[in-house]
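Listing of protein_1.txt; format and content: compact mmCIF, C-alpha atoms.
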# COMPACT_ATOMS: atom_id res chain seq x y z
CA MET A 1 -62.18 -73.64 -23.15
CA ARG A 2 -62.39 -69.90 -23.79
CA ILE A 3 -62.65 -68.93 -27.43
CA ALA A 4 -62.17 -65.23 -28.09
CA ILE A 5 -63.35 -63.91 -31.44
CA ALA A 6 -61.35 -60.79 -32.16
CA SER A 7 -60.32 -58.65 -35.11
CA GLY A 8 -58.18 -55.68 -36.01
CA LYS A 9 -61.05 -53.44 -36.92
CA GLY A 10 -64.73 -53.23 -36.19
CA GLY A 11 -67.05 -54.67 -38.77
CA ALA A 12 -64.79 -57.56 -39.77
CA GLY A 13 -67.25 -60.20 -38.56
CA LYS A 14 -66.70 -60.92 -34.86
CA THR A 15 -70.34 -60.75 -33.84
CA THR A 16 -71.44 -62.55 -36.98
CA VAL A 17 -69.13 -65.43 -36.11
CA ALA A 18 -69.74 -65.36 -32.35
CA THR A 19 -73.54 -65.37 -32.58
CA SER A 20 -73.58 -67.98 -35.34
CA LEU A 21 -71.26 -70.25 -33.39
CA ALA A 22 -73.47 -69.80 -30.35
CA VAL A 23 -76.49 -70.93 -32.32
CA VAL A 24 -74.80 -74.06 -33.70
CA TRP A 25 -72.80 -74.96 -30.59
CA ASP A 26 -74.01 -78.45 -29.80
CA ALA A 27 -73.40 -78.36 -26.07
CA PRO A 28 -74.42 -75.81 -23.45
CA CYS A 29 -71.85 -73.03 -23.37
CA VAL A 30 -71.28 -69.51 -22.05
CA VAL A 31 -71.82 -66.75 -24.60
CA ALA A 32 -70.23 -63.46 -23.57
CA ASP A 33 -70.42 -60.15 -25.36
CA ALA A 34 -67.19 -58.52 -24.23
CA ASP A 35 -67.62 -55.36 -26.27
CA VAL A 36 -68.98 -53.33 -23.36
CA GLU A 37 -68.70 -50.01 -25.17
CA ALA A 38 -70.96 -51.04 -28.02
CA PRO A 39 -72.57 -54.38 -27.18
CA ASN A 40 -74.61 -55.85 -30.02
CA ALA A 41 -74.77 -59.63 -29.59
CA HIS A 42 -78.00 -59.24 -27.64
CA LEU A 43 -79.64 -57.74 -30.73
CA PHE A 44 -79.23 -61.10 -32.49
CA LEU A 45 -79.64 -63.53 -29.62
CA SER A 46 -82.46 -61.82 -27.70
CA PRO A 47 -81.27 -62.97 -24.30
CA HIS A 48 -83.51 -63.43 -21.31
CA ILE A 49 -81.68 -61.20 -18.84
CA GLU A 50 -81.96 -62.13 -15.19
CA THR A 51 -79.51 -59.93 -13.33
CA SER A 52 -77.93 -56.55 -13.81
CA GLU A 53 -75.20 -55.47 -11.43
CA PRO A 54 -73.15 -52.27 -11.31
CA VAL A 55 -69.40 -52.55 -11.81
CA TYR A 56 -67.33 -50.04 -9.87
CA LEU A 57 -63.75 -48.83 -9.80
CA GLU A 58 -62.31 -47.96 -6.41
CA VAL A 59 -61.14 -44.34 -6.47
CA PRO A 60 -59.86 -42.01 -3.73
CA GLU A 61 -61.87 -39.31 -2.04
CA LEU A 62 -60.22 -36.69 0.16
CA ASP A 63 -60.85 -36.40 3.89
CA VAL A 64 -59.89 -32.71 4.20
CA SER A 65 -59.84 -32.90 7.98
CA ARG A 66 -56.91 -35.31 7.92
CA CYS A 67 -55.04 -34.08 4.85
CA THR A 68 -51.82 -32.11 5.39
CA ALA A 69 -51.16 -31.62 1.65
CA CYS A 70 -47.83 -33.42 1.95
CA GLY A 71 -48.26 -34.48 -1.67
CA ALA A 72 -47.22 -38.11 -1.25
CA CYS A 73 -50.33 -39.31 -3.08
CA ARG A 74 -49.80 -36.80 -5.88
CA ASP A 75 -46.19 -37.89 -6.26
CA LEU A 76 -47.23 -41.53 -6.59
CA CYS A 77 -50.13 -41.14 -9.00
CA ARG A 78 -49.15 -41.89 -12.61
CA PHE A 79 -52.46 -40.80 -14.04
CA LYS A 80 -52.83 -37.24 -12.70
CA ALA A 81 -55.90 -38.24 -10.73
CA ILE A 82 -54.39 -36.30 -7.83
CA ALA A 83 -52.98 -32.77 -8.11
CA LYS A 84 -51.65 -30.27 -5.60
CA PHE A 85 -52.47 -26.62 -6.12
CA GLY A 86 -50.70 -24.53 -3.49
CA LYS A 87 -51.70 -26.08 -0.17
CA LYS A 88 -54.69 -27.96 -1.49
CA ILE A 89 -54.97 -31.49 -2.81
CA SER A 90 -57.47 -31.93 -5.64
CA ILE A 91 -58.75 -35.30 -6.82
CA PHE A 92 -59.89 -36.02 -10.38
CA PRO A 93 -61.70 -39.37 -10.04
CA ASP A 94 -62.27 -39.66 -13.80
CA MET A 95 -58.51 -39.99 -14.32
CA CYS A 96 -58.08 -42.75 -11.75
CA HIS A 97 -57.08 -46.22 -12.95
CA GLY A 98 -57.79 -47.86 -9.60
CA CYS A 99 -54.20 -48.92 -8.83
CA GLY A 100 -54.75 -48.30 -5.10
CA GLY A 101 -51.26 -46.87 -4.58
CA CYS A 102 -52.39 -43.56 -3.12
CA PHE A 103 -54.12 -45.27 -0.19
CA LEU A 104 -50.91 -47.06 0.65
CA VAL A 105 -48.64 -44.00 0.71
CA CYS A 106 -50.85 -41.54 2.58
CA PRO A 107 -49.28 -41.06 6.02
CA HIS A 108 -52.46 -39.59 7.54
CA ASP A 109 -55.24 -41.91 6.35
CA ALA A 110 -56.68 -38.93 4.53
CA LEU A 111 -57.88 -40.84 1.48
CA VAL A 112 -61.22 -42.57 1.72
CA ARG A 113 -62.14 -45.44 -0.58
CA SER A 114 -64.88 -44.22 -2.84
CA LYS A 115 -66.07 -45.59 -6.14
CA ARG A 116 -66.78 -44.61 -9.69
CA LEU A 117 -69.46 -46.39 -11.66
CA LEU A 118 -67.97 -48.00 -14.76
CA GLY A 119 -71.05 -49.71 -16.11
CA HIS A 120 -73.31 -52.66 -15.61
CA MET A 121 -72.89 -56.38 -16.12
CA GLU A 122 -75.94 -58.35 -17.18
CA THR A 123 -76.39 -62.09 -17.00
CA GLY A 124 -79.06 -64.38 -18.36
CA PHE A 125 -79.69 -67.07 -20.92
CA VAL A 126 -80.13 -67.49 -24.66
CA LEU A 127 -81.70 -70.13 -26.89
CA ASN A 128 -84.38 -71.05 -24.37
CA GLY A 129 -81.98 -71.50 -21.50
CA LYS A 130 -79.49 -73.61 -23.40
CA HIS A 131 -76.53 -71.24 -23.10
CA ALA A 132 -75.59 -68.80 -20.36
CA PHE A 133 -75.28 -65.21 -21.60
CA LEU A 134 -73.16 -62.38 -20.26
CA MET A 135 -72.82 -58.83 -21.41
CA GLY A 136 -71.61 -55.51 -20.10
CA ARG A 137 -72.77 -51.98 -20.78
CA ALA A 138 -70.22 -49.27 -20.13
CA ARG A 139 -71.60 -46.11 -18.57
CA ILE A 140 -71.91 -43.43 -21.25
CA GLY A 141 -68.83 -41.24 -20.92
CA GLU A 142 -66.72 -43.90 -19.22
CA ALA A 143 -63.47 -44.38 -21.10
CA MET A 144 -62.05 -47.20 -19.04
CA THR A 145 -63.34 -50.62 -19.93
CA PRO A 146 -60.70 -53.19 -18.84
CA PRO A 147 -61.96 -53.30 -15.24
CA GLN A 148 -65.42 -54.07 -16.57
CA LEU A 149 -63.99 -56.74 -18.81
CA ARG A 150 -62.23 -58.28 -15.84
CA ALA A 151 -65.56 -58.47 -14.03
CA LEU A 152 -66.97 -60.27 -17.08
CA GLN A 153 -64.00 -62.62 -17.14
CA LYS A 154 -64.38 -63.42 -13.46
CA ARG A 155 -68.03 -64.29 -14.00
CA THR A 156 -67.09 -66.44 -17.00
CA THR A 157 -64.60 -68.33 -14.84
CA LEU A 158 -67.30 -69.00 -12.26
CA LEU A 159 -69.67 -70.24 -14.95
CA LEU A 160 -67.07 -72.58 -16.42
CA ARG A 161 -66.61 -74.45 -13.15
CA PRO A 162 -67.85 -78.05 -13.13
CA GLY A 163 -71.54 -78.17 -12.20
CA ALA A 164 -72.10 -74.45 -12.61
CA ALA A 165 -74.97 -74.78 -15.10
CA PRO A 166 -78.47 -74.49 -13.55
CA ASP A 167 -79.19 -78.20 -14.09
CA GLY A 168 -75.94 -79.13 -12.35
CA GLY A 169 -74.21 -79.74 -15.67
CA THR A 170 -70.98 -78.19 -16.89
CA TYR A 171 -70.67 -75.62 -19.68
CA ASP A 172 -68.62 -76.91 -22.57
CA ALA A 173 -66.88 -73.69 -23.52
CA ALA A 174 -67.08 -69.90 -23.45
CA LEU A 175 -67.53 -67.95 -26.70
CA LEU A 176 -66.34 -64.37 -26.23
CA ASP A 177 -67.31 -61.71 -28.72
CA ALA A 178 -64.22 -59.57 -28.13
CA PRO A 179 -63.96 -55.78 -28.31
CA PRO A 180 -62.73 -54.49 -31.65
CA GLY A 181 -59.21 -53.23 -32.23
CA VAL A 182 -55.90 -54.09 -30.67
CA SER A 183 -55.64 -51.80 -27.66
CA CYS A 184 -56.37 -52.38 -23.98
CA PRO A 185 -59.91 -53.76 -24.22
CA ALA A 186 -59.09 -56.36 -26.89
CA MET A 187 -55.84 -57.33 -25.16
CA THR A 188 -57.61 -57.79 -21.84
CA ILE A 189 -59.90 -60.38 -23.42
CA ALA A 190 -57.32 -62.08 -25.62
CA ARG A 191 -54.85 -62.52 -22.75
CA ASP A 192 -57.29 -64.71 -20.94
CA ALA A 193 -58.45 -66.82 -23.89
CA ASP A 194 -57.42 -70.36 -24.74
CA VAL A 195 -57.94 -69.80 -28.45
CA VAL A 196 -58.12 -66.55 -30.40
CA LEU A 197 -60.06 -66.57 -33.66
CA LEU A 198 -59.32 -63.56 -35.81
CA ALA A 199 -62.13 -62.43 -38.08
CA ALA A 200 -60.42 -61.11 -41.19
CA GLU A 201 -61.93 -59.19 -44.08
CA PRO A 202 -59.91 -59.25 -47.30
CA THR A 203 -60.39 -55.58 -48.28
CA PRO A 204 -57.37 -53.22 -48.22
CA PHE A 205 -58.39 -51.63 -44.87
CA GLY A 206 -59.50 -54.97 -43.50
CA PHE A 207 -56.24 -56.63 -44.43
CA HIS A 208 -54.16 -53.79 -43.03
CA ASP A 209 -55.95 -53.90 -39.68
CA PHE A 210 -55.78 -57.68 -39.67
CA THR A 211 -51.99 -57.51 -39.89
CA LEU A 212 -52.03 -55.12 -36.89
CA ALA A 213 -54.16 -57.60 -34.97
CA TYR A 214 -51.77 -60.41 -35.81
CA GLU A 215 -48.80 -58.32 -34.63
CA ALA A 216 -50.60 -57.33 -31.44
CA PHE A 217 -51.85 -60.76 -30.43
CA LEU A 218 -48.79 -62.75 -31.44
CA PRO A 219 -46.76 -61.99 -28.28
CA LEU A 220 -49.60 -63.36 -26.15
CA ASN A 221 -48.55 -66.79 -27.41
CA LYS A 222 -52.10 -68.00 -27.80
CA PRO A 223 -53.30 -70.48 -30.40
CA LEU A 224 -54.28 -68.10 -33.19
CA ALA A 225 -56.47 -69.00 -36.16
CA VAL A 226 -58.33 -67.06 -38.81
CA VAL A 227 -61.90 -66.89 -40.08
CA ILE A 228 -62.05 -65.05 -43.39
CA ASN A 229 -65.26 -63.12 -43.75
CA ARG A 230 -66.63 -61.83 -47.04
CA SER A 231 -64.29 -63.81 -49.25
CA GLY A 232 -64.90 -63.77 -52.97
CA MET A 233 -66.16 -60.21 -53.27
CA PRO A 234 -66.43 -59.44 -56.99
CA GLY A 235 -63.32 -57.57 -58.11
CA ASN A 236 -61.41 -58.37 -54.92
CA GLU A 237 -59.45 -61.36 -56.14
CA ARG A 238 -56.22 -59.61 -55.21
CA GLY A 239 -57.42 -59.01 -51.66
CA ASP A 240 -58.41 -62.64 -51.23
CA LYS A 241 -55.00 -63.72 -52.52
CA GLU A 242 -53.06 -61.31 -50.31
CA LEU A 243 -54.84 -62.44 -47.16
CA ALA A 244 -54.47 -66.12 -48.00
CA GLU A 245 -50.78 -65.70 -48.71
CA PHE A 246 -50.23 -63.78 -45.49
CA CYS A 247 -51.91 -66.49 -43.44
CA ALA A 248 -49.93 -69.22 -45.19
CA GLY A 249 -46.67 -67.35 -44.69
CA ALA A 250 -47.39 -66.78 -41.02
CA GLY A 251 -48.50 -70.35 -40.42
CA LEU A 252 -51.99 -69.17 -39.49
CA PRO A 253 -54.66 -71.83 -40.01
CA VAL A 254 -57.72 -70.54 -41.84
CA LEU A 255 -60.60 -72.37 -40.18
CA ALA A 256 -63.28 -70.98 -42.48
CA ALA A 257 -63.74 -68.68 -45.45
CA LEU A 258 -67.25 -67.26 -45.29
CA PRO A 259 -68.30 -66.11 -48.76
CA PHE A 260 -69.50 -62.61 -49.43
CA SER A 261 -73.26 -62.64 -49.83
CA ARG A 262 -75.81 -59.87 -50.03
CA GLU A 263 -78.33 -62.11 -48.32
CA VAL A 264 -76.04 -62.38 -45.34
CA ALA A 265 -75.86 -58.59 -45.13
CA GLU A 266 -79.65 -58.42 -45.29
CA GLN A 267 -80.00 -61.07 -42.62
CA TYR A 268 -77.57 -59.28 -40.35
CA ALA A 269 -79.24 -55.93 -40.94
CA LYS A 270 -82.51 -57.47 -39.80
CA GLY A 271 -80.90 -58.71 -36.60
CA GLY A 272 -80.95 -62.28 -37.82
CA VAL A 273 -78.20 -64.75 -36.92
CA VAL A 274 -76.33 -65.69 -40.07
CA ALA A 275 -76.28 -69.39 -39.20
CA ASP A 276 -80.08 -69.29 -39.27
CA LEU A 277 -80.19 -67.97 -42.82
CA SER A 278 -80.11 -71.37 -44.53
CA PRO A 279 -79.00 -74.97 -44.01
CA GLU A 280 -75.98 -74.11 -46.14
CA TRP A 281 -74.96 -71.32 -43.81
CA ARG A 282 -75.69 -73.39 -40.77
CA GLY A 283 -73.40 -76.06 -42.22
CA ARG A 284 -70.59 -73.53 -42.62
CA PHE A 285 -70.72 -72.60 -38.96
CA GLU A 286 -71.04 -76.19 -37.82
CA ALA A 287 -67.87 -76.91 -39.77
CA LEU A 288 -66.21 -73.90 -38.11
CA ARG A 289 -67.32 -75.16 -34.72
CA ASP A 290 -65.76 -78.56 -35.39
CA ALA A 291 -62.60 -77.03 -36.85
CA THR A 292 -62.24 -74.75 -33.81
CA ARG A 293 -62.64 -77.67 -31.43
CA ALA A 294 -60.05 -79.70 -33.36
CA PHE A 295 -57.71 -76.72 -33.46
CA ALA A 296 -58.01 -76.22 -29.71
CA ALA A 297 -57.59 -79.91 -29.04
CA GLN A 298 -54.25 -80.13 -30.79
CA GLY A 299 -53.03 -77.22 -28.66
CA GLY A 300 -53.42 -74.97 -31.66
CA ARG A 301 -50.59 -74.44 -34.06
CA ARG A 302 -48.43 -71.68 -32.62
CA ALA A 303 -47.69 -69.08 -35.23
CA MET B 1 -51.10 -6.94 -9.74
CA GLU B 2 -51.05 -10.61 -10.36
CA ILE B 3 -48.72 -12.97 -12.17
CA LEU B 4 -50.02 -13.64 -15.67
CA ALA B 5 -49.12 -16.63 -17.82
CA VAL B 6 -49.49 -16.93 -21.59
CA SER B 7 -49.26 -20.30 -23.34
CA SER B 8 -46.44 -19.80 -25.80
CA GLU B 9 -44.63 -21.47 -28.67
CA GLY B 10 -41.36 -19.83 -27.61
CA PRO B 11 -39.67 -18.03 -24.71
CA GLY B 12 -40.22 -14.37 -25.64
CA PRO B 13 -43.02 -11.81 -26.17
CA GLU B 14 -42.54 -12.02 -29.92
CA SER B 15 -43.39 -15.75 -29.86
CA MET B 16 -46.83 -16.79 -31.03
CA VAL B 17 -49.43 -17.75 -28.44
CA ASP B 18 -49.62 -21.54 -28.30
CA PRO B 19 -53.28 -22.30 -28.99
CA ARG B 20 -53.12 -25.32 -26.68
CA PHE B 21 -53.10 -25.07 -22.91
CA GLY B 22 -52.38 -28.53 -21.56
CA ARG B 23 -49.80 -29.43 -24.16
CA ALA B 24 -48.44 -25.92 -24.70
CA ALA B 25 -44.73 -25.84 -25.40
CA GLY B 26 -44.23 -23.39 -22.55
CA PHE B 27 -45.61 -20.38 -20.72
CA VAL B 28 -44.34 -16.80 -20.70
CA LEU B 29 -44.90 -15.32 -17.25
CA ARG B 30 -45.40 -11.63 -16.53
CA ALA B 31 -44.63 -10.65 -12.96
CA ALA B 32 -46.25 -7.72 -11.15
CA ASP B 33 -43.32 -5.46 -12.06
CA GLY B 34 -43.76 -6.21 -15.75
CA SER B 35 -40.70 -8.46 -16.07
CA LEU B 36 -41.05 -11.56 -18.22
CA SER B 37 -39.80 -15.08 -17.67
CA TYR B 38 -40.44 -18.46 -19.29
CA ILE B 39 -41.46 -21.91 -18.03
CA ASP B 40 -40.88 -24.89 -20.31
CA ASN B 41 -43.91 -27.20 -20.42
CA GLY B 42 -42.32 -30.13 -22.24
CA ALA B 43 -42.93 -32.45 -19.31
CA SER B 44 -46.68 -32.10 -19.88
CA GLN B 45 -46.45 -32.69 -23.61
CA VAL B 46 -45.14 -36.22 -23.21
CA MET B 47 -47.87 -37.34 -20.81
CA GLY B 48 -50.33 -39.96 -21.96
CA GLN B 49 -53.11 -38.34 -19.99
CA GLY B 50 -53.55 -35.51 -17.53
CA ALA B 51 -51.44 -32.93 -19.37
CA GLY B 52 -53.92 -30.16 -18.57
CA ILE B 53 -53.87 -31.02 -14.89
CA ALA B 54 -50.07 -31.14 -14.83
CA SER B 55 -49.81 -27.78 -16.60
CA ALA B 56 -52.25 -26.22 -14.14
CA GLU B 57 -50.10 -27.56 -11.28
CA ARG B 58 -47.00 -26.09 -12.87
CA LEU B 59 -48.61 -22.67 -13.10
CA ALA B 60 -50.02 -22.84 -9.57
CA GLU B 61 -46.57 -23.61 -8.25
CA ALA B 62 -45.24 -20.51 -10.03
CA GLY B 63 -47.88 -18.37 -8.32
CA VAL B 64 -49.81 -17.60 -11.51
CA SER B 65 -53.32 -16.22 -11.03
CA VAL B 66 -54.42 -15.62 -14.66
CA VAL B 67 -53.70 -17.67 -17.77
CA LEU B 68 -54.12 -16.43 -21.35
CA SER B 69 -54.39 -19.18 -23.93
CA GLY B 70 -56.27 -20.41 -26.97
CA TYR B 71 -58.15 -23.63 -26.44
CA VAL B 72 -58.79 -24.73 -22.86
CA GLY B 73 -60.69 -28.01 -22.75
CA PRO B 74 -62.95 -29.39 -20.00
CA LYS B 75 -60.32 -31.23 -17.92
CA ALA B 76 -57.81 -28.38 -18.07
CA PHE B 77 -60.58 -25.92 -17.25
CA GLN B 78 -61.58 -27.98 -14.21
CA ALA B 79 -58.00 -28.17 -13.01
CA LEU B 80 -57.41 -24.43 -13.42
CA GLN B 81 -60.58 -23.69 -11.49
CA ALA B 82 -59.48 -26.02 -8.69
CA ALA B 83 -56.17 -24.15 -8.69
CA GLY B 84 -57.96 -20.82 -8.44
CA ILE B 85 -56.45 -19.60 -11.72
CA ARG B 86 -58.66 -17.45 -13.94
CA ILE B 87 -58.77 -18.21 -17.62
CA CYS B 88 -58.89 -16.14 -20.80
CA GLN B 89 -59.46 -18.19 -23.95
CA ASP B 90 -59.27 -17.71 -27.70
CA LEU B 91 -56.18 -15.48 -27.66
CA ASP B 92 -54.33 -17.55 -30.25
CA GLY B 93 -53.39 -16.10 -33.63
CA MET B 94 -51.30 -13.33 -32.09
CA THR B 95 -47.98 -12.90 -30.30
CA VAL B 96 -47.55 -13.29 -26.55
CA GLY B 97 -46.83 -9.57 -26.30
CA GLN B 98 -50.06 -8.72 -28.14
CA ALA B 99 -52.08 -11.06 -25.93
CA LEU B 100 -50.66 -9.43 -22.80
CA GLU B 101 -51.42 -5.94 -24.16
CA ARG B 102 -55.02 -6.92 -24.86
CA PHE B 103 -55.42 -8.26 -21.33
CA LEU B 104 -53.79 -5.26 -19.69
CA SER B 105 -55.93 -2.84 -21.66
CA GLY B 106 -59.03 -4.54 -20.24
CA ASP B 107 -60.00 -5.92 -23.62
CA VAL B 108 -60.39 -9.56 -22.55
CA VAL B 109 -63.11 -11.43 -20.64
CA PHE B 110 -62.63 -14.28 -18.19
CA ALA B 111 -63.99 -17.61 -19.38
CA ASP B 112 -66.86 -19.23 -17.53
CA ALA B 113 -66.83 -22.47 -19.50
CA PRO B 114 -64.30 -24.67 -21.28
CA ASN B 115 -63.85 -24.48 -25.05
CA LYS B 116 -65.94 -27.11 -26.80
In structure tokens, how does this file's structure come out?
Amino acid sequence: MRIAIASGKGGAGKTTVATSLAVVWDAPCVVADADVEAPNAHLFLSPHIETSEPVYLEVPELDVSRCTACGACRDLCRFKAIAKFGKKISIFPDMCHGCGGCFLVCPHDALVRSKRLLGHMETGFVLNGKHAFLMGRARIGEAMTPPQLRALQKRTTLLLRPGAAPDGGTYDAALLDAPPGVSCPAMTIARDADVVLLAAEPTPFGFHDFTLAYEAFLPLNKPLAVVINRSGMPGNERGDKELAEFCAGAGLPVLAALPFSREVAEQYAKGGVVADLSPEWRGRFEALRDATRAFAAQGGRRA
Amino acid sequence: MEILAVSSEGPGPESMVDPRFGRAAGFVLRAADGSLSYIDNGASQVMGQGAGIASAERLAEAGVSVVLSGYVGPKAFQALQAAGIRICQDLDGMTVGQALERFLSGDVVFADAPNK
């Protein structure tokens, strides 16, 4: 079972929820930080990292000796990774999306398969070997993250196979701390999930971006549920009400409402997992864990 | 003499220089004999990415060897260099005619780096 924890905007509470769920998850699971542009789960979970592997995108390189500048590759490329200036073909590997089409249309085998480094994927363990841990780090300056996310997803699939845990056991679930926002990176992760939990913050900006997230993820037809974060902020009664009414109107189950608390902010700022703050907070996340399992089990209520 | 191109908001010398290169509305071309013509650059404007590269291609196809513009960013700069087209930046805030006059009177330097 893959549980993606997403949100419309950064700072709504994805990592808070993901790391706290990881700490209270009562069976070995896979914890994946899928925000490869700005990974932060490792700051809270202090993983023991065992492997780090580069993730590449296949991009074309020109073999000038074979190129006739016919322009077939340039005509095919949708991303302007290939241009023709006079009688010369120029390649811009940074623009390439790795579709592979240019290799197929070149009549002279003049394009060589080269690669562009996207980033690194790291694997290891957290909580003394209890859970597997995956994260990615995008190369600084690399704008394209979905191929890296797909590498992370492939590894998650391998880890979820029966008997894939080091002791021969099977991981119970995968908790994915999704990238923020509702564009390609977030969609790449949500598409592949079995359940999408939306962290929602009941402030005006938070609510606005939450509605965008709902709109974006709805067509994926995934079981969608909400975790309200920072409910009960003093003076924000209207925000709480608006969010609750929206969820009710949309048929979105609210699996938890985490109360606003300065202590939680202090804990987070220290790099502490919120579920470790107190038995009360631990209890909240245990209840969320159980509610998420129950929600997934009943196939989720389609919104 | 070479074919010059000026990024332009409109088709004539009285039009203002378009401060953008890649997503310029169009380019006014000055041929060796001094005659002017216009290339519409709308096809670049609607591109999600690579507008600078596409615009450089368009100019290369028209035989342009020098471009006068305002802001030429890193990707566009790279593309123009690959195309062998020399670049004069920061000529926005004036008409196309004025930009051409400044170039022809030797008042303008060629850029060696993209605008930041």
**OP:** Please identify every residue of chain A that has at least one atom no more than 7 Å from any atom of chain B, counting only C-alpha atoms, and report them as number ranges by chain.
**Re:** A: 79-80, 83-86, 90
Original post:
Between atom CA of A:Gly129 and atom CA of A:Gly169, what is the spacing in Å?
Top reply: 12.7 Å
Original post:
Using all atoms listed in the file, which residues sit within 8 Å of stretch 91-97 of chain B once same-chain residues fewer than 2 positions away are excluded, as a ChimeraX atom specification?
Top reply: /B:6-8,12-19,28,68-70,88-89,99-101
Original post:
Quick one, how far is atom CA of A:Leu258 from atom CA of A:Asp26?
Top reply: 20.3 Å
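Shell of A:Leu76 at 8 Å, with all atoms listed in the file counted and residues fewer than 4 places along the chain excluded, is Ala72, Gly101, Cys102 and Val105 of chain A.
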**OP:** Measure the distance from atom CA of A:His120 to atom CA of A:Val17 in Å and round it to one decimal.
**Re:** 24.5 Å
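Nearest residue to B:Pro114 among B:Gln98, B:Arg20, B:Val72, B:Gln81 is B:Val72, counting all atoms listed in the file.
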Any chance you could work out the axis-aligned box around stretch 195-200 of chain A, listed atoms only, 8 Å on each side, giving centre and edge lengths in Å to one decimal, as JSON?
{"center_x": -60.0, "center_y": -65.5, "center_z": -34.8, "size_x": 20.2, "size_y": 24.7, "size_z": 28.7}
Original post:
Around (-65.3, -59.0, -13.1) in the file's frame, which residues reach within 12 Å when counting all atoms listed in the file? Return as a ChimeraX atom specification?
Top reply: /A:34,53-57,118-122,134-136,145-158,188-189
Can you pull out the residues contacting stretch 219-222 of chain A? Cut-off 12 Å, using only C-alpha atoms, and skip same-chain residues under 2 positions away; I want them as an mmCIF file with C-alpha atoms, in the coordinates of the input.
data_model
loop_
_atom_site.group_PDB
_atom_site.id
_atom_site.type_symbol
_atom_site.label_atom_id
_atom_site.label_comp_id
_atom_site.auth_asym_id
_atom_site.auth_seq_id
_atom_site.Cartn_x
_atom_site.Cartn_y
_atom_site.Cartn_z
ATOM 1 C CA ARG A 2 -62.390 -69.900 -23.790
ATOM 2 C CA ILE A 3 -62.650 -68.930 -27.430
ATOM 3 C CA ALA A 4 -62.170 -65.230 -28.090
ATOM 4 C CA ALA A 186 -59.090 -56.360 -26.890
ATOM 5 C CA MET A 187 -55.840 -57.330 -25.160
ATOM 6 C CA THR A 188 -57.610 -57.790 -21.840
ATOM 7 C CA ILE A 189 -59.900 -60.380 -23.420
ATOM 8 C CA ALA A 190 -57.320 -62.080 -25.620
ATOM 9 C CA ARG A 191 -54.850 -62.520 -22.750
ATOM 10 C CA ASP A 192 -57.290 -64.710 -20.940
ATOM 11 C CA ALA A 193 -58.450 -66.820 -23.890
ATOM 12 C CA ASP A 194 -57.420 -70.360 -24.740
ATOM 13 C CA VAL A 195 -57.940 -69.800 -28.450
ATOM 14 C CA VAL A 196 -58.120 -66.550 -30.400
ATOM 15 C CA LEU A 197 -60.060 -66.570 -33.660
ATOM 16 C CA LEU A 198 -59.320 -63.560 -35.810
ATOM 17 C CA ALA A 213 -54.160 -57.600 -34.970
ATOM 18 C CA TYR A 214 -51.770 -60.410 -35.810
ATOM 19 C CA GLU A 215 -48.800 -58.320 -34.630
ATOM 20 C CA ALA A 216 -50.600 -57.330 -31.440
ATOM 21 C CA PHE A 217 -51.850 -60.760 -30.430
ATOM 22 C CA LEU A 224 -54.280 -68.100 -33.190
ATOM 23 C CA ALA A 225 -56.470 -69.000 -36.160
ATOM 24 C CA LEU A 252 -51.990 -69.170 -39.490
ATOM 25 C CA PHE A 295 -57.710 -76.720 -33.460
ATOM 26 C CA ALA A 296 -58.010 -76.220 -29.710
ATOM 27 C CA GLY A 299 -53.030 -77.220 -28.660
ATOM 28 C CA GLY A 300 -53.420 -74.970 -31.660
ATOM 29 C CA ARG A 301 -50.590 -74.440 -34.060
ATOM 30 C CA ARG A 302 -48.430 -71.680 -32.620
ATOM 31 C CA ALA A 303 -47.690 -69.080 -35.230
#
Output as an mmCIF file, keeping the file's coordinate frame: stretch 13-18 of chain B, completed with N, CA, C and O atoms.
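Below is the file that was written, selection-v4.cif:
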data_model
loop_
_atom_site.group_PDB
_atom_site.id
_atom_site.type_symbol
_atom_site.label_atom_id
_atom_site.label_comp_id
_atom_site.auth_asym_id
_atom_site.auth_seq_id
_atom_site.Cartn_x
_atom_site.Cartn_y
_atom_site.Cartn_z
ATOM 1 N N PRO B 13 -41.750 -12.470 -25.854
ATOM 2 C CA PRO B 13 -43.020 -11.810 -26.170
ATOM 3 C C PRO B 13 -43.323 -11.789 -27.667
ATOM 4 O O PRO B 13 -44.478 -11.605 -28.055
ATOM 5 N N GLU B 14 -42.304 -12.013 -28.483
ATOM 6 C CA GLU B 14 -42.540 -12.020 -29.920
ATOM 7 C C GLU B 14 -42.995 -13.414 -30.394
ATOM 8 O O GLU B 14 -43.374 -13.587 -31.560
ATOM 9 N N SER B 15 -42.926 -14.398 -29.497
ATOM 10 C CA SER B 15 -43.390 -15.750 -29.860
ATOM 11 C C SER B 15 -44.900 -15.752 -30.017
ATOM 12 O O SER B 15 -45.604 -14.941 -29.404
ATOM 13 N N MET B 16 -45.380 -16.677 -30.841
ATOM 14 C CA MET B 16 -46.830 -16.790 -31.030
ATOM 15 C C MET B 16 -47.457 -17.473 -29.809
ATOM 16 O O MET B 16 -46.837 -18.357 -29.188
ATOM 17 N N VAL B 17 -48.665 -17.065 -29.494
ATOM 18 C CA VAL B 17 -49.430 -17.750 -28.440
ATOM 19 C C VAL B 17 -49.634 -19.199 -28.884
ATOM 20 O O VAL B 17 -50.004 -19.459 -30.024
ATOM 21 N N ASP B 18 -49.339 -20.135 -27.997
ATOM 22 C CA ASP B 18 -49.620 -21.540 -28.300
ATOM 23 C C ASP B 18 -51.111 -21.759 -28.076
ATOM 24 O O ASP B 18 -51.609 -21.521 -26.978
#
